[in-house]
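Structure file input.txt; described as compact mmCIF, C-alpha atoms.
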```
# COMPACT_ATOMS: atom_id res chain seq x y z
CA MET A 1 101.45 76.18 110.11
CA LEU A 2 104.58 78.20 109.37
CA ILE A 3 102.64 81.31 108.41
CA GLU A 4 103.25 84.71 109.97
CA THR A 5 100.39 86.82 111.33
CA SER A 6 101.97 90.24 110.88
CA ASN A 7 100.24 91.17 107.62
CA THR A 8 96.76 91.02 106.16
CA TYR A 9 97.54 88.54 103.37
CA ALA A 10 98.92 85.94 105.79
CA ARG A 11 96.05 86.38 108.25
CA GLU A 12 93.57 85.95 105.41
CA LEU A 13 95.34 82.72 104.44
CA LEU A 14 94.69 81.49 107.97
CA HIS A 15 91.02 82.48 107.70
CA GLY A 16 90.83 80.32 104.57
CA VAL A 17 92.36 77.37 106.41
CA ARG A 18 89.81 77.85 109.17
CA ALA A 19 87.00 77.82 106.60
CA PHE A 20 88.25 74.47 105.24
CA LEU A 21 88.39 72.98 108.73
CA ARG A 22 84.84 74.11 109.48
CA GLU A 23 83.63 72.14 106.48
CA HIS A 24 85.86 69.07 106.71
CA GLY A 25 86.59 68.56 110.37
CA PRO A 26 89.25 69.83 112.74
CA TRP A 27 93.00 69.36 112.65
CA CYS A 28 95.24 69.60 115.69
CA LEU A 29 97.13 72.77 114.74
CA HIS A 30 100.49 74.15 115.77
CA LEU A 31 100.83 77.86 114.95
CA SER A 32 103.84 79.54 116.54
CA GLU A 33 105.29 83.05 116.30
CA HIS A 34 107.00 83.15 112.94
CA GLY A 35 108.20 86.23 111.07
CA ARG A 36 108.17 86.47 107.31
CA GLY A 37 111.33 84.96 105.85
CA ALA A 38 112.53 83.90 109.32
CA VAL A 39 114.99 81.07 109.79
CA GLU A 40 113.48 77.66 110.32
CA PRO A 41 112.55 76.98 113.97
CA ALA A 42 114.82 74.58 115.85
CA TRP A 43 111.97 72.19 116.71
CA LEU A 44 111.01 71.67 113.06
CA ARG A 45 113.68 69.05 112.27
CA ARG A 46 112.40 66.80 115.09
CA TRP A 47 108.68 67.44 114.65
CA LYS A 48 106.46 64.38 114.06
CA GLY A 49 103.34 65.98 112.62
CA ASP A 50 101.26 64.86 109.64
CA GLY A 51 101.44 67.92 107.39
CA ILE A 52 102.82 71.46 107.05
CA LEU A 53 101.43 74.63 105.52
CA ALA A 54 104.28 77.11 105.09
CA ARG A 55 105.36 80.35 103.50
CA VAL A 56 108.57 78.97 102.00
CA GLU A 57 110.63 82.06 101.19
CA ARG A 58 114.19 80.77 101.58
CA PRO A 59 115.98 77.78 100.00
CA ALA A 60 117.27 76.82 103.46
CA MET A 61 113.70 76.54 104.74
CA ALA A 62 112.77 74.40 101.72
CA ASP A 63 115.68 72.07 102.45
CA VAL A 64 114.67 71.63 106.09
CA LEU A 65 111.03 71.01 105.19
CA ARG A 66 111.96 68.48 102.55
CA GLY A 67 114.22 66.73 105.08
CA THR A 68 111.31 66.16 107.48
CA GLY A 69 109.61 63.79 105.03
CA ILE A 70 106.28 65.36 106.04
CA PRO A 71 103.77 66.49 103.35
CA VAL A 72 104.13 70.25 102.68
CA VAL A 73 102.04 72.80 100.81
CA ASP A 74 103.75 76.11 100.06
CA VAL A 75 101.67 79.31 100.16
CA SER A 76 104.42 81.68 99.00
CA PHE A 77 105.74 82.65 95.58
CA ALA A 78 108.91 84.27 96.94
CA MET A 79 111.13 81.70 95.22
CA GLU A 80 110.89 81.02 91.49
CA HIS A 81 110.88 77.25 92.04
CA SER A 82 109.47 75.33 94.98
CA PRO A 83 109.87 71.60 95.66
CA PHE A 84 106.30 71.50 96.99
CA PRO A 85 102.79 71.96 95.60
CA ARG A 86 101.81 75.55 96.24
CA VAL A 87 98.86 77.90 96.11
CA VAL A 88 99.60 81.50 95.14
CA THR A 89 97.96 84.66 93.86
CA ASP A 90 97.71 84.96 90.07
CA SER A 91 100.29 87.68 89.35
CA ARG A 92 99.15 88.12 85.75
CA ALA A 93 95.61 88.93 86.93
CA VAL A 94 96.96 91.26 89.63
CA THR A 95 99.01 93.29 87.17
CA ARG A 96 96.15 93.34 84.66
CA LEU A 97 93.82 94.87 87.25
CA ALA A 98 96.44 97.43 88.29
CA ALA A 99 97.24 98.39 84.70
CA GLU A 100 93.57 98.68 83.71
CA HIS A 101 92.84 100.79 86.78
CA LEU A 102 95.57 103.30 85.89
CA LEU A 103 94.96 103.19 82.13
CA GLU A 104 91.28 103.99 82.51
CA ARG A 105 92.32 107.13 84.40
CA GLY A 106 94.18 108.31 81.33
CA PHE A 107 97.80 107.70 82.32
CA ARG A 108 100.32 107.25 79.51
CA HIS A 109 103.46 107.03 81.66
CA PHE A 110 103.92 104.21 84.16
CA GLY A 111 106.28 102.94 86.80
CA TYR A 112 106.65 99.78 88.86
CA CYS A 113 108.28 99.94 92.30
CA GLY A 114 109.21 96.48 93.51
CA ASP A 115 111.22 94.41 95.97
CA SER A 116 113.99 92.46 94.24
CA ASN A 117 114.12 90.05 97.18
CA HIS A 118 110.93 88.26 96.02
CA HIS A 119 110.37 86.31 92.81
CA TRP A 120 106.70 87.36 92.65
CA SER A 121 107.71 91.04 92.68
CA ASN A 122 110.20 90.56 89.85
CA LEU A 123 107.59 88.60 87.91
CA ARG A 124 104.97 91.31 88.42
CA SER A 125 107.37 94.00 87.23
CA ARG A 126 107.67 92.19 83.90
CA LEU A 127 103.95 91.43 83.63
CA PHE A 128 102.92 95.00 84.52
CA ALA A 129 105.32 96.42 81.93
CA GLU A 130 103.88 94.04 79.32
CA GLN A 131 100.33 95.13 80.20
CA VAL A 132 100.98 98.84 79.71
CA GLU A 133 103.22 98.31 76.69
CA ARG A 134 100.33 96.52 74.97
CA ALA A 135 98.42 99.79 75.45
CA GLY A 136 101.23 101.65 73.67
CA CYS A 137 102.81 103.04 76.86
CA GLY A 138 106.18 102.77 78.53
CA CYS A 139 107.05 101.61 82.04
CA GLU A 140 110.00 102.51 84.28
CA VAL A 141 110.82 99.54 86.54
CA PHE A 142 112.64 100.02 89.83
CA SER A 143 113.31 97.59 92.67
CA VAL A 144 114.69 97.99 96.15
CA SER A 145 115.92 95.05 98.21
CA ALA A 146 114.24 95.43 101.58
CA ALA A 147 116.63 92.84 103.00
CA SER A 148 119.74 94.96 102.39
CA GLN A 149 118.63 98.46 103.45
CA ASN A 150 116.87 100.23 106.27
CA TRP A 151 113.69 102.26 105.87
CA GLU A 152 115.39 105.61 105.25
CA GLN A 153 117.80 104.11 102.73
CA GLU A 154 114.88 102.60 100.87
CA LEU A 155 113.08 105.96 100.84
CA ALA A 156 116.20 107.70 99.52
CA ALA A 157 116.55 105.19 96.70
CA ILE A 158 112.86 105.48 95.78
CA ALA A 159 113.11 109.30 95.88
CA ARG A 160 115.95 109.30 93.34
CA TRP A 161 113.80 107.15 91.06
CA VAL A 162 110.61 109.21 91.46
CA ARG A 163 112.47 112.46 90.68
CA GLY A 164 113.41 111.12 87.25
CA LEU A 165 109.95 109.89 86.23
CA PRO A 166 107.88 111.72 83.60
CA ARG A 167 104.65 113.17 84.98
CA PRO A 168 101.81 112.55 85.34
CA VAL A 169 102.71 108.92 86.06
CA GLY A 170 100.81 105.92 87.41
CA ILE A 171 102.89 103.70 89.69
CA MET A 172 102.18 100.13 90.71
CA ALA A 173 103.82 99.19 94.01
CA CYS A 174 104.56 95.51 94.55
CA TYR A 175 102.73 95.54 97.92
CA ASP A 176 101.03 98.08 100.18
CA VAL A 177 104.09 98.82 102.32
CA ARG A 178 106.02 99.77 99.19
CA GLY A 179 103.06 101.90 98.12
CA GLN A 180 103.18 103.63 101.50
CA GLN A 181 106.86 104.39 100.90
CA VAL A 182 106.19 105.86 97.45
CA LEU A 183 103.50 108.11 98.95
CA GLU A 184 105.88 109.21 101.73
CA VAL A 185 108.55 110.03 99.13
CA CYS A 186 106.04 112.12 97.18
CA ARG A 187 105.12 114.01 100.35
CA ARG A 188 108.77 114.77 101.09
CA LEU A 189 109.45 115.86 97.51
CA GLY A 190 106.34 118.05 97.33
CA VAL A 191 104.89 115.95 94.50
CA GLU A 192 101.11 116.14 94.23
CA VAL A 193 99.25 112.82 94.65
CA PRO A 194 97.29 111.78 92.64
CA ASP A 195 97.59 114.64 90.12
CA GLU A 196 101.31 114.18 89.37
CA VAL A 197 101.83 110.65 90.72
CA ALA A 198 99.07 108.08 91.28
CA VAL A 199 99.89 104.95 93.29
CA ILE A 200 98.25 101.53 93.51
CA GLY A 201 99.46 98.78 95.86
CA VAL A 202 98.63 95.11 96.36
CA HIS A 203 97.07 93.22 99.31
CA ASN A 204 94.49 95.82 100.40
CA ASP A 205 95.59 95.97 104.02
CA ASP A 206 92.70 98.19 105.15
CA LEU A 207 94.46 99.71 108.14
CA LEU A 208 97.72 100.38 106.34
CA CYS A 209 95.99 101.75 103.23
CA ASP A 210 93.83 104.11 105.29
CA LEU A 211 96.82 105.32 107.33
CA CYS A 212 98.60 106.39 104.13
CA ASP A 213 98.39 110.05 103.12
CA PRO A 214 96.43 110.08 100.90
CA PRO A 215 94.76 106.67 101.43
CA LEU A 216 96.21 104.01 99.13
CA THR A 217 94.33 102.26 96.34
CA SER A 218 95.12 98.53 96.33
CA VAL A 219 94.44 95.30 94.43
CA ILE A 220 92.44 92.87 96.58
CA PRO A 221 93.86 89.32 96.49
CA ASN A 222 91.67 86.35 97.34
CA ALA A 223 93.89 85.11 100.17
CA ARG A 224 91.04 83.29 101.92
CA ARG A 225 90.47 81.14 98.88
CA ALA A 226 94.20 80.54 98.63
CA GLY A 227 94.24 79.35 102.25
CA TYR A 228 91.22 77.12 101.66
CA GLU A 229 92.73 75.57 98.53
CA ALA A 230 96.08 75.06 100.29
CA ALA A 231 94.39 73.24 103.16
CA ALA A 232 92.49 71.07 100.68
CA LEU A 233 95.76 70.18 98.91
CA LEU A 234 97.43 69.32 102.19
CA GLN A 235 94.53 67.06 103.15
CA ARG A 236 94.98 65.15 99.90
CA LEU A 237 98.71 64.78 100.55
CA MET A 238 98.07 63.55 104.10
CA ASN A 239 95.61 61.03 102.67
CA GLY A 240 98.43 59.53 100.63
CA GLU A 241 97.97 61.16 97.22
CA ARG A 242 101.09 62.04 95.26
CA LEU A 243 100.90 65.52 93.79
CA PRO A 244 103.48 67.23 91.55
CA PRO A 245 105.21 70.43 92.79
CA GLU A 246 102.99 72.66 90.66
CA ALA A 247 101.35 75.98 91.47
CA THR A 248 97.63 76.62 91.79
CA TYR A 249 96.87 80.23 90.87
CA VAL A 250 94.09 82.15 92.62
CA GLU A 251 92.67 85.24 90.91
CA PRO A 252 92.31 88.51 92.86
CA VAL A 253 88.87 89.88 93.75
CA GLY A 254 89.22 93.40 92.35
CA VAL A 255 90.54 96.85 93.23
CA ALA A 256 89.75 98.91 96.34
CA THR A 257 89.84 102.47 95.03
CA ARG A 258 91.04 105.22 97.38
CA GLN A 259 92.37 108.75 96.97
CA SER A 260 95.87 107.81 95.74
CA THR A 261 94.43 107.16 92.24
CA ASP A 262 91.37 109.43 92.32
CA VAL A 263 92.35 111.41 89.23
CA VAL A 264 91.82 111.66 85.49
CA ALA A 265 95.24 112.10 83.88
CA VAL A 266 94.44 113.54 80.44
CA ASP A 267 95.67 116.85 79.08
CA ASP A 268 92.29 117.86 77.65
CA ARG A 269 90.30 119.56 80.43
CA ARG A 270 86.96 118.94 78.69
CA VAL A 271 87.61 115.21 78.39
CA SER A 272 88.80 115.21 81.99
CA ALA A 273 85.58 116.93 83.07
CA ALA A 274 83.50 114.42 81.10
CA VAL A 275 85.31 111.47 82.70
CA ARG A 276 84.79 112.93 86.17
CA PHE A 277 81.09 113.45 85.46
CA ILE A 278 80.78 109.84 84.31
CA ARG A 279 82.65 108.58 87.37
CA ASP A 280 80.36 110.54 89.69
CA HIS A 281 77.05 109.85 87.93
CA ALA A 282 77.37 106.67 85.84
CA CYS A 283 75.17 104.68 88.22
CA GLU A 284 72.34 107.18 87.92
CA ASN A 285 71.22 105.73 84.58
CA ILE A 286 72.85 108.54 82.59
CA GLY A 287 73.57 108.47 78.89
CA VAL A 288 75.96 110.29 76.58
CA SER A 289 73.43 113.10 76.21
CA ASP A 290 73.72 113.77 79.95
CA VAL A 291 77.49 113.99 79.63
CA LEU A 292 77.10 116.49 76.79
CA ARG A 293 74.85 118.68 78.93
CA ALA A 294 77.51 118.71 81.64
CA VAL A 295 80.34 119.31 79.16
CA PRO A 296 78.90 121.32 76.24
CA VAL A 297 80.78 120.02 73.19
CA SER A 298 79.62 118.23 70.08
CA ARG A 299 78.93 114.51 70.30
CA SER A 300 81.26 113.74 67.40
CA TRP A 301 84.12 115.70 69.04
CA LEU A 302 83.62 113.94 72.38
CA GLU A 303 83.49 110.51 70.73
CA ARG A 304 86.68 111.23 68.76
CA ARG A 305 88.63 112.62 71.74
CA PHE A 306 87.58 109.75 74.03
CA LYS A 307 88.82 107.25 71.46
CA GLN A 308 92.08 109.16 71.05
CA LEU A 309 92.84 109.63 74.74
CA LEU A 310 91.13 106.69 76.45
CA GLY A 311 90.73 104.13 73.69
CA ARG A 312 86.95 103.83 74.18
CA THR A 313 83.74 105.77 73.61
CA PRO A 314 81.84 107.77 76.25
CA HIS A 315 79.15 105.05 76.27
CA GLU A 316 81.79 102.38 76.86
CA GLN A 317 83.22 104.46 79.70
CA ILE A 318 79.79 104.74 81.35
CA LEU A 319 79.30 100.98 81.09
CA ARG A 320 82.80 100.33 82.42
CA VAL A 321 82.20 102.43 85.55
CA ARG A 322 78.86 100.73 86.16
CA LEU A 323 80.33 97.25 85.82
CA ASP A 324 83.21 98.15 88.14
CA ARG A 325 80.61 99.10 90.75
CA VAL A 326 78.68 95.89 90.07
CA THR A 327 81.85 93.85 90.56
CA THR A 328 82.51 95.48 93.92
CA MET A 329 78.94 94.97 95.13
CA LEU A 330 78.89 91.33 94.04
CA ALA A 331 82.15 90.66 95.89
CA THR A 332 81.37 92.55 99.09
CA THR A 333 77.60 92.33 99.64
CA ASP A 334 74.75 89.82 99.58
CA LEU A 335 72.37 92.22 97.82
CA PRO A 336 70.03 90.61 95.26
CA LEU A 337 70.97 91.16 91.63
CA ALA A 338 67.83 93.25 91.09
CA VAL A 339 68.92 95.68 93.81
CA ILE A 340 72.44 95.87 92.41
CA ALA A 341 71.02 96.57 88.96
CA GLU A 342 68.89 99.39 90.34
CA ARG A 343 71.80 100.92 92.24
CA THR A 344 74.20 100.80 89.30
CA GLY A 345 71.99 102.27 86.59
CA PHE A 346 70.74 99.11 84.84
CA GLU A 347 67.01 99.12 84.13
CA HIS A 348 66.71 95.34 84.34
CA PRO A 349 68.82 92.68 86.07
CA GLU A 350 68.68 90.61 82.88
CA TYR A 351 70.49 93.38 80.97
CA LEU A 352 73.05 93.64 83.78
CA SER A 353 73.69 89.88 83.53
CA VAL A 354 74.21 90.02 79.77
CA ALA A 355 76.52 93.06 79.98
CA PHE A 356 78.50 91.60 82.89
CA LYS A 357 79.06 88.24 81.20
CA ARG A 358 79.99 89.91 77.90
CA ALA A 359 82.63 92.01 79.71
CA THR A 360 84.01 89.41 82.14
CA GLY A 361 83.24 86.03 80.60
CA ILE A 362 81.37 84.88 83.72
CA SER A 363 77.83 85.38 85.03
CA PRO A 364 77.19 87.62 88.07
CA SER A 365 76.19 84.57 90.12
CA GLY A 366 79.34 82.73 89.07
CA PHE A 367 81.52 85.70 89.97
CA ARG A 368 79.81 86.07 93.33
CA ALA A 369 80.34 82.39 94.11
CA ARG A 370 84.04 82.65 93.29
CA ALA A 371 84.43 85.77 95.42
CA ALA A 372 82.43 84.47 98.41
CA VAL A 373 85.40 82.85 100.14
CA ALA A 374 87.21 86.20 100.21
CA ARG A 375 84.34 87.71 102.20
CA ASP A 376 83.02 85.02 104.52
CA GLY A 377 85.05 81.87 104.05
CA LYS A 378 82.54 79.89 101.98
CA LEU A 379 83.96 77.67 99.28
CA ALA A 380 83.52 79.22 95.83
```
Reformat the file's structure so that it appears as structure tokens.
Amino acid sequence: MLIETSNTYARELLHGVRAFLREHGPWCLHLSEHGRGAVEPAWLRRWKGDGILARVERPAMADVLRGTGIPVVDVSFAMEHSPFPRVVTDSRAVTRLAAEHLLERGFRHFGYCGDSNHHWSNLRSRLFAEQVERAGCGCEVFSVSAASQNWEQELAAIARWVRGLPRPVGIMACYDVRGQQVLEVCRRLGVEVPDEVAVIGVHNDDLLCDLCDPPLTSVIPNARRAGYEAAALLQRLMNGERLPPEATYVEPVGVATRQSTDVVAVDDRRVSAAVRFIRDHACENIGVSDVLRAVPVSRSWLERRFKQLLGRTPHEQILRVRLDRVTTMLATTDLPLAVIAERTGFEHPEYLSVAFKRATGISPSGFRARAAVARDGKLA
């Protein structure tokens, strides 16, 4: 297994492999120290194993692996084309979640801060821009090549970009480390986070995200499922099946919301107050009338301004917040649906099921089954 252990995504891949082996029997594994993007180890050309799981991030590594004649499954999307079957995170779903998260907070200006060294980052920059442009917004795309600069040079380049952005602005960082850098730049520039700049990363590295100041919101990939599916593909290859070098895409689990996006970025203070009230109380079985008591305006005015600024009604915003909470609880707990319904403001679990399926296209039980491997390694 040519998979590094220095970051959360890679370690979660290994947890997924372990889950597959628990269900289908053990392999004799060789896992050595291996940094991300490192040169191929000297022993690899002479190795006589049966299969390889690898993060193939360099053409030279692909050439060496192909030269071994051993079945390979790639678990990286760093290169646009891979000669091997591969299992990767669905970048379109990742950018959709990030864009929706920032859009629902009222942002109309957006940025993407990437790493031009990786194909998946360049792809996500385009997909994220498409997502926000469909909402009638613009996106400033900026990439730094981590391979060609040191940390301070990267920060200086990001700082020049951030200074020129319109504010308030919602920024998607290609991964959590880049998000950490954007937050550090904001701190040095005296830019308020999240009021002037809100930041969302990808990978949800709990320790890294919590060490950021303020803590970093992040999209949660389903790396355990990716590891499980990659191991299953490799088993098929080792059994003699011939599989084309195509990608299997694994959808992310959701968004872990932290302080770096805890804001409502609309110019109207009354709408902002209403959105905050909904965010804080949506799961208490409130209705629009409760919002109007907290923010004393006419119902017709509130409905009109919500549609103008957020693209949805106050009732739709309440339902959206509730369903976001439902999604998180389904993915991270084993609570019965009736308990989740009670805790998220739904009077009956049947109504929750109908609303959830209407919004997501899948039943709560189906969603929970798909997300289970991200939490405890069970096959979804």
Non-local contacts of Cys283 of chain A (10 Å; only C-alpha atoms; under 4 positions in same chain excluded) as a PyMOL selection string: chain A and resi 278-279+318-319+321-323+325-326+341-346
Using all atoms of segment 127-141 of chain A listed in the file and a margin of 5 Å per side, can you give the axis-aligned box centre and edge lengths in Å to one decimal, as JSON?
```
{"center_x": 104.6, "center_y": 97.2, "center_z": 80.1, "size_x": 22.4, "size_y": 21.6, "size_z": 22.9}
```
Considering all atoms listed in the file, can you say which of A:Arg163, A:Arg108, A:Arg22, A:Arg58 comes closest to Leu310 of chain A? A:Arg108
Atom CA of Leu352 of chain A and atom CA of Gly106 of chain A, how far apart in Å?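 Computed distance, atom CA of Gly106 of chain A to atom CA of Leu352 of chain A, equals 25.8 Å.
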Show which residues sit within 10 Å of Ala129 of chain A, as a VMD selection string. Count all atoms listed in the file, and ignore same-chain residues fewer than 6 positions away. chain A and resid 95 99 110 to 112 137 to 141
May I ask for the distance between atom CA of Ile171 of chain A and atom CA of Gly311 of chain A, given in Å to one decimal place?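 Atom-to-atom, atom CA of Ile171 of chain A and atom CA of Gly311 of chain A are spaced 20.1 Å apart.
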Mind giving me the straight-line distance from atom CA of Arg368 of chain A to atom CA of Leu337 of chain A in Å, one decimal?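 Distance between the two atoms: 10.3 Å.
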Would you please work out which residue, of A:Leu21, A:Leu155, A:Ala62, A:Met79, is nearest to Leu123 of chain A when using all atoms listed in the file?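 Checking each of A:Leu21, A:Leu155, A:Ala62, A:Met79 against Leu123 of chain A, counting all atoms listed in the file, the winner is A:Met79.
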Selected residue of minimal separation from Pro168 of chain A among A:Trp151, A:Tyr351, A:Phe306, A:Phe107, counting all atoms listed in the file: A:Phe107
Could you check which residues have any atom within 9 Å of (95.4, 82.8, 106.3), counting all atoms listed in the file with coordinates taken straight from the file, and then list them as a ChimeraX atom specification? /A:3-5,8-18,223-224,226-228
